[in-house]
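So the structure is just underneath, and the comments pick up after that.
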Amino acid sequence: MKEWKVKPSDVMIATPPKSGTTWMGEIVRQMRAYHPEAVGKDVSFIIPYVELNVPTPDMPTALECQDKMLSPRIIKTHLPYEYTKEKVEEEGLKVIAVLREPKDTLTSYYYHYCNIINFPGDFHDFFDLVRQDRLHGGNIFKMAQDWWQARDLPNVLVVKYEEMKKDTAEVVRRVAEFLEIPLDSKAVESIVENCNMDKMRKGLVEAIPDESEMAKQFFRKGVVGDWKN
């Protein structure tokens with residue numbers, strides 16, 4: 001983390017896993033086309049994580065490829081707040097933190113464990129990992145709490161997944177205002193249309209064609225309240 005050189009135009013999307021990370025990433029990526037100082041017309045659907053080589057093991061992390069990333073750089077992370085605290089509070093890194101109802105997050109994460117990581121157990125076995133604080137990605141409750149407590153910082157925007165589902169266009173407008181990107185109503189409409197579940201699934205398949213089956217399974221339902229089922 002010490003080797004990460006933050007730029008004023010950088011934006012980091014911080015979320016617990018399965019909380020709208022890819023969705024918000026695609027919203028910001030689509031929005032980048034309207035940024036008055038954007039370098040290059042487009043960037044890849046695959047937005048690199050600070051800490052992870054995903055979706056495939058040969059994908060470089062944001063730290064490994066930071067010098068090649070076009071400005072404004074979009075970066076994702078599932079790291080706890082403490083790892084980025086210095087970048088956020090002292091260096092002014094802009095952050096969009098997306099938080100989701102934890103019961104829905106854990107439901108989606110369980111299916112992610114089964115479909116992507118090939119977890120052999122049932123939900124009770126998975127929940128034992130939750131209680132033991134052994135989830136890949138750390139403690140989602142602490143992560144949500146820490147980002148929520150940072151919500152009043154001028155360079156932090158907290159968005160709730162449920163808000164994204166209820167009124168995507170309004171969230172797009174809030175994000176655009178936060179990033180100081182001018183958008184008219186037509187641009188907002190276009191971004192919302194390009195960030196639906198089917199188009200994001202297609203985008204991931206096209207980005208990693210050798211892992212198309214994994215890509216298709218990556219997006220599941222994306223609904224609110226599925227934990228009840």
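Residues in the structure tokens are named by chain (A, B, ... in the order shown) and by number from 1 within that chain; ligands are numbered from 1 in the order shown.
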
*Quick one: residues within 12 Å of Glu89 (chain A), only C-alpha atoms counted, chain neighbours fewer than 5 positions away excluded, as an MDAnalysis selection string?*
chainID A and resid 81:84 94:95 150:156

Taking C-alpha atoms for each residue, export the selection above as a PDB file, in the first residue's frame.
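In the end it all went to selection09.pdb:
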ATOM      1  CA  TYR A  81     -10.942   0.782   5.905  1.00  0.00           C
ATOM      2  CA  GLU A  82      -7.780   0.666   8.013  1.00  0.00           C
ATOM      3  CA  TYR A  83      -5.703  -0.287   4.956  1.00  0.00           C
ATOM      4  CA  THR A  84      -6.779   2.790   2.994  1.00  0.00           C
ATOM      5  CA  LYS A  94     -12.026   9.911  -3.510  1.00  0.00           C
ATOM      6  CA  VAL A  95     -14.060   6.888  -2.428  1.00  0.00           C
ATOM      7  CA  ALA A 150     -16.301   7.978   7.302  1.00  0.00           C
ATOM      8  CA  ARG A 151     -19.386   9.175   5.401  1.00  0.00           C
ATOM      9  CA  ASP A 152     -19.008  12.841   6.416  1.00  0.00           C
ATOM     10  CA  LEU A 153     -15.566  13.184   4.840  1.00  0.00           C
ATOM     11  CA  PRO A 154     -15.831  15.432   1.750  1.00  0.00           C
ATOM     12  CA  ASN A 155     -14.024  12.842  -0.408  1.00  0.00           C
ATOM     13  CA  VAL A 156     -16.218   9.880   0.658  1.00  0.00           C
TER      14      VAL A 156
END

*Within 12 Å of Ala187 (chain A), counting only C-alpha atoms, which residues show up once you throw out same-chain ones fewer than 4 positions away? Write them as a ChimeraX atom specification, please.*
/A:27,30-35,169,172-173,176,181-183,191-194

_d(CA of Leu70 (chain A), CA of Val159 (chain A)) in Å_ =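 Between these atoms lies a distance of 25.0 Å.
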
*Which polymer residues have any atom within 8 Å of an atom of region 19-25 of chain A, counting only C-alpha atoms, with same-chain residues fewer than 6 positions away left out, as a list of chain:residue names?*
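Neighbouring residues, sequence-local ones excluded: A:Ile13, A:Ile47, A:Ile74, A:Lys76, A:Val98, A:Leu99, A:Arg100, A:Thr105, A:Tyr161, A:Cys195, A:Met200.
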
Go ahead and save the picked residues with N, CA, C and O atoms, as a PDB file, in the first residue's frame.
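That gives us again_25.pdb:
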ATOM      1  N   ILE A  13     -13.664   2.418  -5.532  1.00  0.00           N
ATOM      2  CA  ILE A  13     -14.956   1.858  -5.141  1.00  0.00           C
ATOM      3  C   ILE A  13     -14.687   0.825  -4.054  1.00  0.00           C
ATOM      4  O   ILE A  13     -14.006  -0.174  -4.289  1.00  0.00           O
ATOM      5  N   ILE A  47     -12.251  -3.776 -13.963  1.00  0.00           N
ATOM      6  CA  ILE A  47     -11.609  -2.736 -13.161  1.00  0.00           C
ATOM      7  C   ILE A  47     -10.753  -3.423 -12.103  1.00  0.00           C
ATOM      8  O   ILE A  47     -11.253  -4.264 -11.339  1.00  0.00           O
ATOM      9  N   ILE A  74      -9.908   4.272 -12.203  1.00  0.00           N
ATOM     10  CA  ILE A  74     -10.966   3.665 -11.380  1.00  0.00           C
ATOM     11  C   ILE A  74     -10.382   2.414 -10.741  1.00  0.00           C
ATOM     12  O   ILE A  74      -9.806   1.567 -11.428  1.00  0.00           O
ATOM     13  N   LYS A  76     -10.922  -0.656  -7.505  1.00  0.00           N
ATOM     14  CA  LYS A  76     -11.861  -1.294  -6.578  1.00  0.00           C
ATOM     15  C   LYS A  76     -11.106  -1.920  -5.403  1.00  0.00           C
ATOM     16  O   LYS A  76      -9.918  -2.223  -5.511  1.00  0.00           O
ATOM     17  N   VAL A  98     -20.037   1.359  -1.240  1.00  0.00           N
ATOM     18  CA  VAL A  98     -21.378   0.796  -1.447  1.00  0.00           C
ATOM     19  C   VAL A  98     -21.652  -0.216  -0.333  1.00  0.00           C
ATOM     20  O   VAL A  98     -20.877  -1.156  -0.140  1.00  0.00           O
ATOM     21  N   LEU A  99     -22.735  -0.004   0.381  1.00  0.00           N
ATOM     22  CA  LEU A  99     -23.101  -0.887   1.494  1.00  0.00           C
ATOM     23  C   LEU A  99     -24.457  -1.540   1.209  1.00  0.00           C
ATOM     24  O   LEU A  99     -25.344  -0.911   0.646  1.00  0.00           O
ATOM     25  N   ARG A 100     -24.571  -2.802   1.622  1.00  0.00           N
ATOM     26  CA  ARG A 100     -25.783  -3.576   1.334  1.00  0.00           C
ATOM     27  C   ARG A 100     -26.278  -4.267   2.590  1.00  0.00           C
ATOM     28  O   ARG A 100     -25.486  -4.595   3.484  1.00  0.00           O
ATOM     29  N   THR A 105     -26.231  -9.674   1.574  1.00  0.00           N
ATOM     30  CA  THR A 105     -24.815  -9.811   1.220  1.00  0.00           C
ATOM     31  C   THR A 105     -24.341 -11.236   1.480  1.00  0.00           C
ATOM     32  O   THR A 105     -23.698 -11.858   0.629  1.00  0.00           O
ATOM     33  N   TYR A 161     -26.874  -0.109  -1.586  1.00  0.00           N
ATOM     34  CA  TYR A 161     -27.278  -0.976  -2.692  1.00  0.00           C
ATOM     35  C   TYR A 161     -28.778  -0.852  -2.944  1.00  0.00           C
ATOM     36  O   TYR A 161     -29.226  -0.823  -4.089  1.00  0.00           O
ATOM     37  N   CYS A 195     -26.010  -0.230 -17.746  1.00  0.00           N
ATOM     38  CA  CYS A 195     -25.566  -0.881 -16.502  1.00  0.00           C
ATOM     39  C   CYS A 195     -26.590  -1.871 -15.966  1.00  0.00           C
ATOM     40  O   CYS A 195     -26.597  -2.168 -14.761  1.00  0.00           O
ATOM     41  N   MET A 200     -24.173  -6.185 -18.179  1.00  0.00           N
ATOM     42  CA  MET A 200     -22.961  -6.392 -17.387  1.00  0.00           C
ATOM     43  C   MET A 200     -22.490  -7.840 -17.488  1.00  0.00           C
ATOM     44  O   MET A 200     -21.293  -8.098 -17.563  1.00  0.00           O
TER      45      MET A 200
END

*A:Leu52, A:Asp133, A:Glu86, A:Phe127: which is nearest Lys103 (chain A), counting only C-alpha atoms?*
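Of all the options, A:Phe127 lies closest to Lys103 (chain A).
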
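Checking A:Glu51, A:Glu37, A:Glu26, A:Asp67 one by one against Val6 (chain A), counting only C-alpha atoms, you find the shortest gap at A:Asp67.
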
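Minimum distance to Lys2 (chain A) across A:Thr107, A:Gly203, A:Trp148, A:Leu63 (counting only C-alpha atoms) occurs at A:Leu63.
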
*asked:* Residues within 10 Å of His136 (chain A), please, as a list of chain:residue names. Count only C-alpha atoms; anything in the same chain fewer than 4 positions from it doesn't count.
replied: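 Everything that qualifies: A:Pro17, A:His78, A:Tyr109, A:Tyr113, A:Leu129, A:Val130, A:Ile140.
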
*Kindly indicate which residue among A:Met197, A:Val39, A:Val11, A:Val54 lies nearest to Arg73 (chain A), using only C-alpha atoms for the distances.*
A:Val11

*Residue among A:Ser108, A:Asn196, A:Ser71, A:Gln132 lying closest to Met164 (chain A), counting only C-alpha atoms*: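 Of all the options, A:Asn196 lies closest to Met164 (chain A).
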